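**Q** Here you go, this is entry10.txt (compact mmCIF, C-alpha atoms and all ligand atoms).
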# COMPACT_ATOMS: atom_id res chain seq x y z
CA MET N 29 -37.97 19.50 -37.09
CA VAL N 30 -38.18 19.33 -33.28
CA THR N 31 -41.53 17.93 -32.14
CA LEU N 32 -42.93 18.27 -28.65
CA ASN N 33 -42.47 14.54 -28.13
CA SER N 34 -38.78 14.48 -29.02
CA LEU N 35 -38.28 17.50 -26.74
CA ARG N 36 -39.93 15.60 -23.89
CA ILE N 37 -37.69 12.58 -24.54
CA SER N 38 -34.51 14.64 -24.52
CA VAL N 39 -35.55 16.43 -21.32
CA THR N 40 -36.23 13.04 -19.67
CA LEU N 41 -32.83 11.76 -20.87
CA MET N 42 -31.10 14.84 -19.47
CA MET N 43 -32.76 14.33 -16.11
CA LEU N 44 -31.60 10.70 -16.11
CA VAL N 45 -28.02 11.75 -16.85
CA VAL N 46 -28.12 14.28 -14.01
CA ALA N 47 -29.54 11.64 -11.65
CA PHE N 48 -26.74 9.19 -12.55
CA ALA N 49 -24.11 11.88 -12.13
CA GLN N 50 -25.48 12.73 -8.69
CA ALA N 51 -25.55 9.05 -7.67
CA GLY N 52 -21.91 8.74 -8.80
CA ALA N 53 -20.91 11.84 -6.83
CA ALA N 54 -22.65 10.54 -3.71
CA GLN N 55 -20.72 7.27 -3.94
CA ALA N 56 -17.38 9.01 -4.52
CA GLU N 57 -18.10 11.21 -1.52
CA SER N 58 -18.77 8.22 0.71
CA ILE N 59 -15.43 6.60 -0.23
CA GLU N 60 -13.69 9.91 0.48
CA GLU N 61 -15.50 9.97 3.80
CA LYS N 62 -14.38 6.44 4.58
CA ALA N 63 -10.84 7.36 3.55
CA ALA N 64 -10.79 10.46 5.77
CA VAL N 65 -10.18 8.42 8.92
CA CYS N 66 -7.08 6.88 7.30
CA SER N 67 -5.44 10.32 7.04
CA THR N 68 -5.29 10.65 10.81
CA CYS N 69 -2.43 8.13 10.79
CA HIS N 70 -1.36 7.70 7.14
CA GLY N 71 -1.26 11.47 6.62
CA GLU N 72 -3.23 14.18 4.82
CA LYS N 73 -0.76 14.26 1.93
CA GLY N 74 0.31 10.64 2.23
CA VAL N 75 3.16 11.34 4.68
CA PRO N 76 2.49 9.10 7.70
CA ILE N 77 2.33 10.77 11.11
CA ASP N 78 4.96 8.50 12.64
CA LYS N 79 7.88 6.39 11.53
CA VAL N 80 6.35 2.97 12.12
CA THR N 81 3.28 3.78 10.01
CA PRO N 82 3.71 2.79 6.35
CA ILE N 83 3.07 4.88 3.25
CA ILE N 84 -0.16 3.74 1.58
CA TRP N 85 -0.48 6.52 -1.05
CA GLY N 86 0.55 5.06 -4.40
CA GLN N 87 1.05 1.56 -2.95
CA THR N 88 0.00 -1.24 -5.31
CA GLU N 89 -3.75 -1.82 -5.39
CA GLY N 90 -3.82 -5.61 -5.00
CA TYR N 91 -1.40 -5.42 -2.10
CA ILE N 92 -3.43 -2.77 -0.23
CA TYR N 93 -6.58 -4.86 -0.65
CA LEU N 94 -4.90 -8.04 0.63
CA GLN N 95 -3.52 -6.26 3.70
CA LEU N 96 -6.92 -4.73 4.56
CA ARG N 97 -8.51 -8.15 4.13
CA ASP N 98 -5.85 -9.74 6.36
CA PHE N 99 -6.23 -7.06 9.07
CA LYS N 100 -9.98 -7.69 9.01
CA SER N 101 -9.66 -11.48 9.29
CA GLY N 102 -6.91 -11.15 11.90
CA ALA N 103 -4.40 -13.03 9.72
CA ARG N 104 -2.27 -9.88 10.08
CA ALA N 105 -2.77 -8.81 13.67
CA ASN N 106 -2.51 -5.09 14.47
CA ASP N 107 -4.29 -3.23 17.27
CA LEU N 108 -4.50 0.03 15.30
CA MET N 109 -5.65 -1.35 11.94
CA GLN N 110 -8.05 -4.06 13.13
CA PRO N 111 -10.76 -1.70 14.52
CA VAL N 112 -10.46 0.55 11.45
CA VAL N 113 -11.47 -2.24 9.04
CA ALA N 114 -13.78 -4.21 11.34
CA ASP N 115 -17.02 -2.70 9.99
CA LEU N 116 -15.96 -2.24 6.37
CA THR N 117 -17.31 -4.53 3.63
CA LYS N 118 -15.24 -6.29 0.98
CA ASP N 119 -16.45 -3.68 -1.53
CA ASP N 120 -15.30 -0.88 0.81
CA LEU N 121 -11.86 -2.49 1.08
CA LYS N 122 -11.61 -2.80 -2.71
CA ALA N 123 -12.71 0.81 -3.19
CA LEU N 124 -10.21 2.03 -0.57
CA ALA N 125 -7.41 0.05 -2.26
CA ALA N 126 -8.21 1.63 -5.64
CA TYR N 127 -8.52 5.08 -4.03
CA PHE N 128 -5.12 5.01 -2.31
CA ALA N 129 -3.30 3.21 -5.17
CA ALA N 130 -4.26 6.08 -7.48
CA LYS N 131 -2.63 8.71 -5.20
CA PRO N 132 0.94 9.89 -5.80
CA TRP N 133 3.66 8.21 -3.71
CA PRO N 134 5.03 10.84 -1.29
CA ASP N 135 8.73 11.67 -0.94
CA LEU N 136 9.77 11.29 2.71
CA GLN N 137 13.23 12.74 1.90
CA GLN N 138 15.02 9.87 3.62
CA PRO N 139 18.80 9.87 3.14
CA SER N 140 20.45 7.64 0.53
CA ALA N 141 22.35 4.68 1.95
CA SER N 142 26.14 4.93 2.09
CA LYS N 143 28.15 3.02 -0.52
CA ASP N 144 29.01 0.28 1.97
CA VAL N 145 25.41 -0.22 3.10
CA ALA N 146 24.19 -0.21 -0.52
CA ALA N 147 26.81 -2.85 -1.40
CA VAL N 148 25.52 -5.17 1.36
CA ALA N 149 21.93 -4.65 0.15
CA LEU N 150 22.85 -5.32 -3.47
CA SER N 151 24.67 -8.52 -2.54
CA LEU N 152 21.61 -9.71 -0.57
CA ASN N 153 19.51 -9.10 -3.66
CA THR N 154 22.00 -11.09 -5.74
CA SER N 155 21.64 -14.10 -3.43
CA VAL N 156 17.90 -13.88 -2.59
CA GLY N 157 16.49 -12.17 -5.68
CA CYS N 158 14.19 -9.61 -4.02
CA THR N 159 13.75 -7.82 -7.34
CA GLY N 160 12.50 -11.06 -8.89
CA CYS N 161 9.21 -10.28 -7.12
CA HIS N 162 9.43 -6.61 -6.09
CA LEU N 163 10.57 -5.73 -9.63
CA GLY N 164 13.31 -3.43 -10.87
CA ASP N 165 13.88 -0.43 -8.61
CA TYR N 166 11.52 -2.04 -6.08
CA GLN N 167 8.41 -0.40 -7.55
CA GLY N 168 6.19 -3.46 -6.96
CA ASP N 169 3.10 -4.37 -8.93
CA SER N 170 -0.32 -5.85 -8.28
CA THR N 171 -0.17 -7.87 -5.02
CA VAL N 172 3.59 -7.29 -4.54
CA PRO N 173 4.28 -4.11 -2.55
CA ARG N 174 6.40 -1.17 -3.61
CA LEU N 175 9.38 -0.85 -1.24
CA ALA N 176 11.33 2.06 -2.79
CA GLY N 177 11.06 5.10 -0.49
CA GLN N 178 8.97 3.29 2.16
CA GLN N 179 9.44 4.33 5.81
CA HIS N 180 12.80 3.02 7.06
CA GLU N 181 11.66 2.16 10.61
CA TYR N 182 8.41 0.60 9.43
CA MET N 183 10.35 -1.75 7.12
CA ASP N 184 12.71 -2.74 9.95
CA LYS N 185 9.71 -3.41 12.17
CA THR N 186 7.76 -5.46 9.66
CA ILE N 187 10.87 -7.47 8.64
CA THR N 188 11.44 -8.28 12.34
CA GLU N 189 7.77 -9.28 12.64
CA PHE N 190 7.95 -11.51 9.55
CA ARG N 191 11.00 -13.18 11.11
CA ASP N 192 9.36 -13.89 14.47
CA ARG N 193 6.02 -14.61 12.70
CA THR N 194 4.16 -11.84 14.59
CA ARG N 195 3.26 -10.85 11.03
CA ALA N 196 1.77 -14.18 10.07
CA ASN N 197 -0.22 -13.34 6.94
CA ASN N 198 2.41 -14.56 4.49
CA PRO N 199 4.39 -17.55 5.85
CA GLY N 200 6.41 -17.74 2.61
CA MET N 201 7.77 -14.21 3.21
CA SER N 202 8.55 -15.21 6.82
CA ASP N 203 10.53 -18.25 5.60
CA LEU N 204 12.43 -16.07 3.14
CA MET N 205 13.22 -13.40 5.77
CA ILE N 206 14.34 -16.04 8.28
CA ALA N 207 16.65 -17.55 5.64
CA SER N 208 18.20 -14.13 4.91
CA PRO N 209 21.01 -12.71 7.10
CA LEU N 210 19.72 -10.00 9.48
CA ASP N 211 22.55 -7.57 8.71
CA GLY N 212 21.71 -7.89 5.01
CA LEU N 213 18.04 -7.13 5.71
CA LYS N 214 18.95 -4.10 7.87
CA ALA N 215 21.13 -2.81 5.05
CA MET N 216 18.29 -3.48 2.63
CA SER N 217 15.75 -1.37 4.51
CA ALA N 218 18.24 1.53 4.76
CA TYR N 219 18.94 1.18 1.03
CA LEU N 220 15.25 0.95 0.08
CA ALA N 221 14.27 3.93 2.26
CA GLY N 222 16.68 6.15 0.36
CA LEU N 223 15.88 4.85 -3.12
CA GLN N 224 14.92 7.53 -5.57
CA ILE N 225 11.37 8.00 -6.65
CA LEU N 226 10.91 7.28 -10.30
CA GLY N 227 7.50 8.89 -10.66
CA ASN N 228 3.95 8.82 -9.48
CA SER N 229 2.12 5.56 -9.14
CA ASP N 230 0.64 4.27 -12.36
CA HIS N 231 -0.17 0.80 -11.08
CA GLY N 232 -3.82 1.14 -11.96
CA SER N 233 -3.00 1.41 -15.65
CA ARG N 234 -0.46 -1.40 -15.82
C1 LIG T 1 -4.86 4.72 14.25
C2 LIG T 1 -3.91 4.81 13.15
C3 LIG T 1 -4.31 4.23 11.80
C4 LIG T 1 -5.47 4.46 11.10
C5 LIG T 1 -6.67 5.32 11.48
C6 LIG T 1 -5.34 3.71 9.86
N1 LIG T 1 -4.13 3.05 9.83
FE1 LIG T 1 -3.48 1.80 8.36
N2 LIG T 1 -1.84 1.32 9.49
C7 LIG T 1 -1.51 1.89 10.70
C8 LIG T 1 -0.29 1.27 11.21
C9 LIG T 1 0.43 1.61 12.50
C10 LIG T 1 0.08 0.28 10.26
C11 LIG T 1 1.27 -0.69 10.35
C12 LIG T 1 0.78 -1.96 10.98
C13 LIG T 1 1.90 -2.94 11.25
O1 LIG T 1 2.97 -2.54 11.73
O2 LIG T 1 1.72 -4.14 10.95
C14 LIG T 1 -0.92 0.35 9.19
C15 LIG T 1 -0.89 -0.46 8.06
C16 LIG T 1 -1.74 -0.30 6.97
C17 LIG T 1 -1.60 -1.01 5.72
C18 LIG T 1 -0.52 -2.01 5.36
C19 LIG T 1 0.55 -1.30 4.57
C20 LIG T 1 1.76 -2.12 4.28
O3 LIG T 1 2.71 -1.58 3.70
O4 LIG T 1 1.80 -3.31 4.63
C21 LIG T 1 -2.62 -0.58 4.91
C22 LIG T 1 -2.90 -1.03 3.49
C23 LIG T 1 -3.39 0.39 5.66
N3 LIG T 1 -2.81 0.54 6.91
C24 LIG T 1 -4.49 1.07 5.16
C25 LIG T 1 -5.32 1.90 5.94
C26 LIG T 1 -6.58 2.42 5.49
C27 LIG T 1 -7.16 2.23 4.09
C28 LIG T 1 -7.11 3.13 6.53
C29 LIG T 1 -8.45 3.82 6.60
C30 LIG T 1 -9.62 3.00 6.27
C31 LIG T 1 -6.14 3.06 7.63
N4 LIG T 1 -5.08 2.30 7.23
C32 LIG T 1 -6.29 3.68 8.86
C33 LIG T 1 -2.20 2.89 11.35
C34 LIG T 1 -3.47 3.34 11.00
C1 LIG T 2 8.81 -14.76 -4.06
C2 LIG T 2 8.54 -13.34 -4.19
C3 LIG T 2 9.26 -12.40 -3.21
C4 LIG T 2 10.60 -12.33 -2.96
C5 LIG T 2 11.74 -13.14 -3.57
C6 LIG T 2 10.75 -11.26 -1.98
N1 LIG T 2 9.53 -10.73 -1.66
FE1 LIG T 2 9.16 -9.27 -0.28
N2 LIG T 2 7.18 -9.56 -0.50
C7 LIG T 2 6.58 -10.37 -1.43
C8 LIG T 2 5.14 -10.33 -1.25
C9 LIG T 2 4.10 -11.06 -2.08
C10 LIG T 2 4.92 -9.47 -0.15
C11 LIG T 2 3.56 -9.15 0.48
C12 LIG T 2 3.29 -10.14 1.59
C13 LIG T 2 1.91 -9.98 2.17
O1 LIG T 2 0.94 -10.22 1.43
O2 LIG T 2 1.79 -9.64 3.33
C14 LIG T 2 6.21 -9.00 0.29
C15 LIG T 2 6.42 -8.12 1.35
C16 LIG T 2 7.62 -7.55 1.70
C17 LIG T 2 7.81 -6.51 2.67
C18 LIG T 2 6.72 -5.84 3.47
C19 LIG T 2 6.28 -4.57 2.77
C20 LIG T 2 5.26 -3.79 3.52
O3 LIG T 2 4.84 -2.74 3.01
O4 LIG T 2 4.86 -4.20 4.61
C21 LIG T 2 9.14 -6.23 2.71
C22 LIG T 2 9.83 -5.19 3.56
C23 LIG T 2 9.79 -7.11 1.75
N3 LIG T 2 8.84 -7.90 1.14
C24 LIG T 2 11.14 -7.13 1.51
C25 LIG T 2 11.76 -8.07 0.72
C26 LIG T 2 13.20 -8.22 0.62
C27 LIG T 2 14.22 -7.30 1.31
C28 LIG T 2 13.44 -9.28 -0.21
C29 LIG T 2 14.77 -9.90 -0.57
C30 LIG T 2 15.65 -10.22 0.57
C31 LIG T 2 12.14 -9.79 -0.62
N4 LIG T 2 11.16 -9.03 -0.04
C32 LIG T 2 11.96 -10.87 -1.45
C33 LIG T 2 7.23 -11.13 -2.38
C34 LIG T 2 8.59 -11.39 -2.40
What would you get if you wrote out this structure as structure tokens?
Ligand code: HEC
Ligand code: HEC
**A**
Amino acid sequence: MVTLNSLRISVTLMMLVVAFAQAGAAQAESIEEKAAVCSTCHGEKGVPIDKVTPIIWGQTEGYIYLQLRDFKSGARANDLMQPVVADLTKDDLKALAAYFAAKPWPDLQQPSASKDVAAVALSLNTSVGCTGCHLGDYQGDSTVPRLAGQQHEYMDKTITEFRDRTRANNPGMSDLMIASPLDGLKAMSAYLAGLQILGNSDHGSR
């Protein structure tokens, strides 16, 4: 039998549930709001507006967070990214990383590398072992970035900047890039740009 008291309790519980749902929606909205500015350069549908801007949709979550942190601290210097993250908190950066990692990786329709270029890239991988860290098919995981299908010109630029240490946030990667032949690295970014997409990002669930 339903008493007046138990009715009151269930009405109160319902109001609590609604209040929590609204609080959740407000928070989700504010992350979407914070993410809106990113689209002006990284693209509405994840396709960056220019060729030296990287894809961040579907990039690995740990990697996105570390880059945002490094832009904020200045360890990775960049005039466009630094002001964007300057006023964001660590929690904002973590939420943005989770938000973009959960998006589908866009297909930029970059051409596949020729057989000759692919052969040079594959032989570089045999000697350096890129896939030892970037994983099979260069899909990345956790704090290691996905490279398959990334912007060709952006990869050339960031490889050059690792080599001259303009990109100074990971000295180990700089050492490795400096030790690798430049023609091999050029072939590698052409090869990676044209690599097929195996599916949407599921990094969050791995
Ligand atoms: C004014 C343009 C602009 C805006 C706005 C912008 N970015 Fe960027 N972002 C760039 C450029 C350009 C780079 C490449 C920097 C470099 O060459 O080192 C970059 C790099 C990054 C990277 C590193 C990716 C990688 O593969 O190393 C991440 C992560 C990132 N941005 C996330 C964001 C997020 C999140 C926002 C919004 C809070 C944002 N960006 C807003 C232009 C922008
Ligand atoms: C020991 C592990 C390891 C190996 C081997 C390795 N990488 Fe990386 N690579 C990383 C990590 C970790 C990062 C992220 C660095 C950072 O935090 O800025 C990275 C970053 C990169 C980036 C920048 C991606 C972006 O979005 O800005 C490129 C390009 C890259 N690696 C290419 C290569 C190539 C090509 C090889 C082989 C010649 C290679 N890597 C070998 C671990 C590795």
**Q** Per residue of segment 192-220 of chain N within 12 Å of segment 168-174 of chain N, what are the shortest atom pair and its distance in Å to one decimal, counting all atoms listed in the file, with rows by chain and residue number, as a Markdown table?
**A**
| residue | atom | partner | partner_atom | distance |
| --- | --- | --- | --- | --- |
| N:Asn198 | CA | N:Val172 | CA | 11.7 |
| N:Met201 | CA | N:Val172 | CA | 11.2 |
| N:Leu220 | CA | N:Arg174 | CA | 9.8 |
**Q** Write out as JSON lines a residue-level contact list of chain N versus ligand LIG 2 (chain T) with cut-off 8 Å: for each qualifying residue the closest pair of atoms and the distance in Å to one decimal, counting all atoms listed in the file, rows sorted by chain and residue number upward.
**A**
{"residue": "N:Pro82", "atom": "CA", "partner": "T:LIG2", "partner_atom": "O3", "distance": 6.6}
{"residue": "N:Ile83", "atom": "CA", "partner": "T:LIG2", "partner_atom": "O3", "distance": 7.8}
{"residue": "N:Tyr91", "atom": "CA", "partner": "T:LIG2", "partner_atom": "O1", "distance": 6.4}
{"residue": "N:Leu94", "atom": "CA", "partner": "T:LIG2", "partner_atom": "O1", "distance": 6.3}
{"residue": "N:Gln95", "atom": "CA", "partner": "T:LIG2", "partner_atom": "O2", "distance": 6.3}
{"residue": "N:Arg104", "atom": "CA", "partner": "T:LIG2", "partner_atom": "O2", "distance": 7.9}
{"residue": "N:Leu152", "atom": "CA", "partner": "T:LIG2", "partner_atom": "C30", "distance": 6.1}
{"residue": "N:Asn153", "atom": "CA", "partner": "T:LIG2", "partner_atom": "C29", "distance": 5.7}
{"residue": "N:Val156", "atom": "CA", "partner": "T:LIG2", "partner_atom": "C30", "distance": 5.3}
{"residue": "N:Gly157", "atom": "CA", "partner": "T:LIG2", "partner_atom": "C5", "distance": 5.3}
{"residue": "N:Cys158", "atom": "CA", "partner": "T:LIG2", "partner_atom": "C29", "distance": 3.5}
{"residue": "N:Thr159", "atom": "CA", "partner": "T:LIG2", "partner_atom": "C5", "distance": 6.8}
{"residue": "N:Gly160", "atom": "CA", "partner": "T:LIG2", "partner_atom": "C5", "distance": 5.8}
{"residue": "N:Cys161", "atom": "CA", "partner": "T:LIG2", "partner_atom": "C2", "distance": 4.3}
{"residue": "N:His162", "atom": "CA", "partner": "T:LIG2", "partner_atom": "N1", "distance": 6.1}
{"residue": "N:Thr171", "atom": "CA", "partner": "T:LIG2", "partner_atom": "C9", "distance": 6.1}
{"residue": "N:Val172", "atom": "CA", "partner": "T:LIG2", "partner_atom": "C9", "distance": 4.5}
{"residue": "N:Pro173", "atom": "CA", "partner": "T:LIG2", "partner_atom": "C19", "distance": 5.7}
{"residue": "N:Arg174", "atom": "CA", "partner": "T:LIG2", "partner_atom": "O3", "distance": 7.0}
{"residue": "N:Leu175", "atom": "CA", "partner": "T:LIG2", "partner_atom": "C19", "distance": 6.3}
{"residue": "N:Gln178", "atom": "CA", "partner": "T:LIG2", "partner_atom": "O3", "distance": 7.4}
{"residue": "N:Tyr182", "atom": "CA", "partner": "T:LIG2", "partner_atom": "O4", "distance": 7.7}
{"residue": "N:Met183", "atom": "CA", "partner": "T:LIG2", "partner_atom": "C22", "distance": 5.0}
{"residue": "N:Asp184", "atom": "CA", "partner": "T:LIG2", "partner_atom": "C22", "distance": 7.4}
{"residue": "N:Thr186", "atom": "CA", "partner": "T:LIG2", "partner_atom": "O4", "distance": 6.0}
{"residue": "N:Ile187", "atom": "CA", "partner": "T:LIG2", "partner_atom": "C22", "distance": 5.7}
{"residue": "N:Arg195", "atom": "CA", "partner": "T:LIG2", "partner_atom": "O2", "distance": 7.9}
{"residue": "N:Asn197", "atom": "CA", "partner": "T:LIG2", "partner_atom": "O2", "distance": 5.5}
{"residue": "N:Asn198", "atom": "CA", "partner": "T:LIG2", "partner_atom": "O2", "distance": 5.1}
{"residue": "N:Gly200", "atom": "CA", "partner": "T:LIG2", "partner_atom": "C1", "distance": 7.7}
{"residue": "N:Met201", "atom": "CA", "partner": "T:LIG2", "partner_atom": "N2", "distance": 6.0}
{"residue": "N:Leu204", "atom": "CA", "partner": "T:LIG2", "partner_atom": "C32", "distance": 7.0}
{"residue": "N:Met205", "atom": "CA", "partner": "T:LIG2", "partner_atom": "C30", "distance": 6.6}
{"residue": "N:Ser208", "atom": "CA", "partner": "T:LIG2", "partner_atom": "C30", "distance": 6.4}
{"residue": "N:Gly212", "atom": "CA", "partner": "T:LIG2", "partner_atom": "C30", "distance": 7.9}
{"residue": "N:Leu213", "atom": "CA", "partner": "T:LIG2", "partner_atom": "C27", "distance": 5.8}
{"residue": "N:Met216", "atom": "CA", "partner": "T:LIG2", "partner_atom": "C27", "distance": 5.7}
{"residue": "N:Ser217", "atom": "CA", "partner": "T:LIG2", "partner_atom": "C27", "distance": 6.9}
**Q** Which residues of chain N come within 8 Å of ligand LIG 1 (chain T), and for each one, what is the closest pair of atoms and their distance in Å to one decimal, counting all atoms listed in the file, sorted by chain and residue number, as JSON lines?
**A**
{"residue": "N:Lys62", "atom": "CA", "partner": "T:LIG1", "partner_atom": "C30", "distance": 6.1}
{"residue": "N:Ala63", "atom": "CA", "partner": "T:LIG1", "partner_atom": "C29", "distance": 5.2}
{"residue": "N:Ala64", "atom": "CA", "partner": "T:LIG1", "partner_atom": "C29", "distance": 7.1}
{"residue": "N:Val65", "atom": "CA", "partner": "T:LIG1", "partner_atom": "C5", "distance": 5.3}
{"residue": "N:Cys66", "atom": "CA", "partner": "T:LIG1", "partner_atom": "C29", "distance": 3.4}
{"residue": "N:Ser67", "atom": "CA", "partner": "T:LIG1", "partner_atom": "C5", "distance": 6.8}
{"residue": "N:Thr68", "atom": "CA", "partner": "T:LIG1", "partner_atom": "C5", "distance": 5.5}
{"residue": "N:Cys69", "atom": "CA", "partner": "T:LIG1", "partner_atom": "C2", "distance": 4.3}
{"residue": "N:His70", "atom": "CA", "partner": "T:LIG1", "partner_atom": "N1", "distance": 6.0}
{"residue": "N:Val80", "atom": "CA", "partner": "T:LIG1", "partner_atom": "C9", "distance": 6.1}
{"residue": "N:Thr81", "atom": "CA", "partner": "T:LIG1", "partner_atom": "C9", "distance": 4.4}
{"residue": "N:Pro82", "atom": "CA", "partner": "T:LIG1", "partner_atom": "O3", "distance": 5.2}
{"residue": "N:Ile83", "atom": "CA", "partner": "T:LIG1", "partner_atom": "O3", "distance": 6.5}
{"residue": "N:Ile84", "atom": "CA", "partner": "T:LIG1", "partner_atom": "C22", "distance": 5.8}
{"residue": "N:Gln87", "atom": "CA", "partner": "T:LIG1", "partner_atom": "O3", "distance": 7.5}
{"residue": "N:Tyr91", "atom": "CA", "partner": "T:LIG1", "partner_atom": "C22", "distance": 7.3}
{"residue": "N:Ile92", "atom": "CA", "partner": "T:LIG1", "partner_atom": "C22", "distance": 4.1}
{"residue": "N:Tyr93", "atom": "CA", "partner": "T:LIG1", "partner_atom": "C22", "distance": 6.7}
{"residue": "N:Leu94", "atom": "CA", "partner": "T:LIG1", "partner_atom": "C22", "distance": 7.8}
{"residue": "N:Gln95", "atom": "CA", "partner": "T:LIG1", "partner_atom": "C22", "distance": 5.3}
{"residue": "N:Leu96", "atom": "CA", "partner": "T:LIG1", "partner_atom": "C22", "distance": 5.6}
{"residue": "N:Arg104", "atom": "CA", "partner": "T:LIG1", "partner_atom": "O2", "distance": 7.0}
{"residue": "N:Ala105", "atom": "CA", "partner": "T:LIG1", "partner_atom": "O2", "distance": 7.0}
{"residue": "N:Asn106", "atom": "CA", "partner": "T:LIG1", "partner_atom": "O2", "distance": 5.6}
{"residue": "N:Leu108", "atom": "CA", "partner": "T:LIG1", "partner_atom": "C1", "distance": 4.8}
{"residue": "N:Met109", "atom": "CA", "partner": "T:LIG1", "partner_atom": "N1", "distance": 5.1}
{"residue": "N:Val112", "atom": "CA", "partner": "T:LIG1", "partner_atom": "C30", "distance": 5.8}
{"residue": "N:Val113", "atom": "CA", "partner": "T:LIG1", "partner_atom": "C30", "distance": 6.2}
{"residue": "N:Leu121", "atom": "CA", "partner": "T:LIG1", "partner_atom": "C27", "distance": 7.3}
{"residue": "N:Leu124", "atom": "CA", "partner": "T:LIG1", "partner_atom": "C27", "distance": 5.6}
{"residue": "N:Ala125", "atom": "CA", "partner": "T:LIG1", "partner_atom": "C27", "distance": 6.7}
{"residue": "N:Phe128", "atom": "CA", "partner": "T:LIG1", "partner_atom": "C27", "distance": 7.3}
{"residue": "N:Pro173", "atom": "CA", "partner": "T:LIG1", "partner_atom": "O3", "distance": 6.9}
{"residue": "N:Tyr182", "atom": "CA", "partner": "T:LIG1", "partner_atom": "O1", "distance": 6.7}
{"residue": "N:Lys185", "atom": "CA", "partner": "T:LIG1", "partner_atom": "O1", "distance": 6.8}
{"residue": "N:Thr186", "atom": "CA", "partner": "T:LIG1", "partner_atom": "O1", "distance": 6.0}
{"residue": "N:Arg195", "atom": "CA", "partner": "T:LIG1", "partner_atom": "O2", "distance": 6.9}
**Q** Dump C-alpha atoms for the selected residues as an mmCIF file, in the coordinates of the input?
**A**
data_model
loop_
_atom_site.group_PDB
_atom_site.id
_atom_site.type_symbol
_atom_site.label_atom_id
_atom_site.label_comp_id
_atom_site.auth_asym_id
_atom_site.auth_seq_id
_atom_site.Cartn_x
_atom_site.Cartn_y
_atom_site.Cartn_z
ATOM 1 C CA LYS N 62 -14.380 6.440 4.580
ATOM 2 C CA ALA N 63 -10.840 7.360 3.550
ATOM 3 C CA ALA N 64 -10.790 10.460 5.770
ATOM 4 C CA VAL N 65 -10.180 8.420 8.920
ATOM 5 C CA CYS N 66 -7.080 6.880 7.300
ATOM 6 C CA SER N 67 -5.440 10.320 7.040
ATOM 7 C CA THR N 68 -5.290 10.650 10.810
ATOM 8 C CA CYS N 69 -2.430 8.130 10.790
ATOM 9 C CA HIS N 70 -1.360 7.700 7.140
ATOM 10 C CA VAL N 80 6.350 2.970 12.120
ATOM 11 C CA THR N 81 3.280 3.780 10.010
ATOM 12 C CA PRO N 82 3.710 2.790 6.350
ATOM 13 C CA ILE N 83 3.070 4.880 3.250
ATOM 14 C CA ILE N 84 -0.160 3.740 1.580
ATOM 15 C CA GLN N 87 1.050 1.560 -2.950
ATOM 16 C CA TYR N 91 -1.400 -5.420 -2.100
ATOM 17 C CA ILE N 92 -3.430 -2.770 -0.230
ATOM 18 C CA TYR N 93 -6.580 -4.860 -0.650
ATOM 19 C CA LEU N 94 -4.900 -8.040 0.630
ATOM 20 C CA GLN N 95 -3.520 -6.260 3.700
ATOM 21 C CA LEU N 96 -6.920 -4.730 4.560
ATOM 22 C CA ARG N 104 -2.270 -9.880 10.080
ATOM 23 C CA ALA N 105 -2.770 -8.810 13.670
ATOM 24 C CA ASN N 106 -2.510 -5.090 14.470
ATOM 25 C CA LEU N 108 -4.500 0.030 15.300
ATOM 26 C CA MET N 109 -5.650 -1.350 11.940
ATOM 27 C CA VAL N 112 -10.460 0.550 11.450
ATOM 28 C CA VAL N 113 -11.470 -2.240 9.040
ATOM 29 C CA LEU N 121 -11.860 -2.490 1.080
ATOM 30 C CA LEU N 124 -10.210 2.030 -0.570
ATOM 31 C CA ALA N 125 -7.410 0.050 -2.260
ATOM 32 C CA PHE N 128 -5.120 5.010 -2.310
ATOM 33 C CA PRO N 173 4.280 -4.110 -2.550
ATOM 34 C CA TYR N 182 8.410 0.600 9.430
ATOM 35 C CA LYS N 185 9.710 -3.410 12.170
ATOM 36 C CA THR N 186 7.760 -5.460 9.660
ATOM 37 C CA ARG N 195 3.260 -10.850 11.030
#
**Q** One number please: atom CA of Leu116 of chain N to atom CA of Arg97 of chain N, in Å, one decimal.
**A**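 If I compute the distance from atom CA of Leu116 of chain N to atom CA of Arg97 of chain N, I get 9.8 Å.
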**Q** Can you build me a table of segment 201-221 of chain N residues sitting at most 7 Å from segment 132-148 of chain N, with the closest atom pair per residue and its distance in Å to one decimal, using only C-alpha atoms, sorted by chain and residue number, as a tab-separated table?
**A**
residue	atom	partner	partner_atom	distance
N:Gly212	CA	N:Val148	CA	5.9
N:Ala215	CA	N:Val145	CA	5.4
N:Ala218	CA	N:Ala141	CA	5.9
N:Tyr219	CA	N:Ala141	CA	5.0
N:Ala221	CA	N:Gln138	CA	6.1
**Q** Using all atoms listed in the file, which residue out of N:Thr188, N:Thr194, N:Ala123, N:Thr88 lies closest to Ile206 of chain N?
**A**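 Residue with the minimum atom-to-atom distance to Ile206 of chain N: N:Thr188.
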**Q** Determine the nearest neighbour of Ser58 of chain N from the options N:Leu163, N:Leu210, N:Val75, N:Asp120, counting all atoms listed in the file.
**A**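 Using all atoms listed in the file, Ser58 of chain N sits closest to N:Asp120.
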**Q** Return the single residue from N:Gly177, N:Pro111, N:Pro199, N:Gly102 that is closest to Gly86 of chain N, with distances computed using all atoms listed in the file.
**A**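 Closest residue, counting all atoms listed in the file: N:Gly177.
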**Q** Mind giving me the straight-line distance from atom CA of Ile59 of chain N to atom CA of Gly74 of chain N in Å, one decimal?
**A**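 Here the two named atoms are 16.4 Å from each other.
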**Q** Given the point (-7.4, -1.7, -7.3) in the file's coordinates, find the residues that have an atom at most 7 Å from it, counting all atoms listed in the file, and give them as a tab-separated table (two decimals) with C-alpha atoms, in the frame of the given file.
**A**
chain	number	residue	atom	x	y	z
N	89	GLU	CA	-3.75	-1.82	-5.39
N	90	GLY	CA	-3.82	-5.61	-5.00
N	122	LYS	CA	-11.61	-2.80	-2.71
N	125	ALA	CA	-7.41	0.05	-2.26
N	126	ALA	CA	-8.21	1.63	-5.64
N	129	ALA	CA	-3.30	3.21	-5.17
N	232	GLY	CA	-3.82	1.14	-11.96
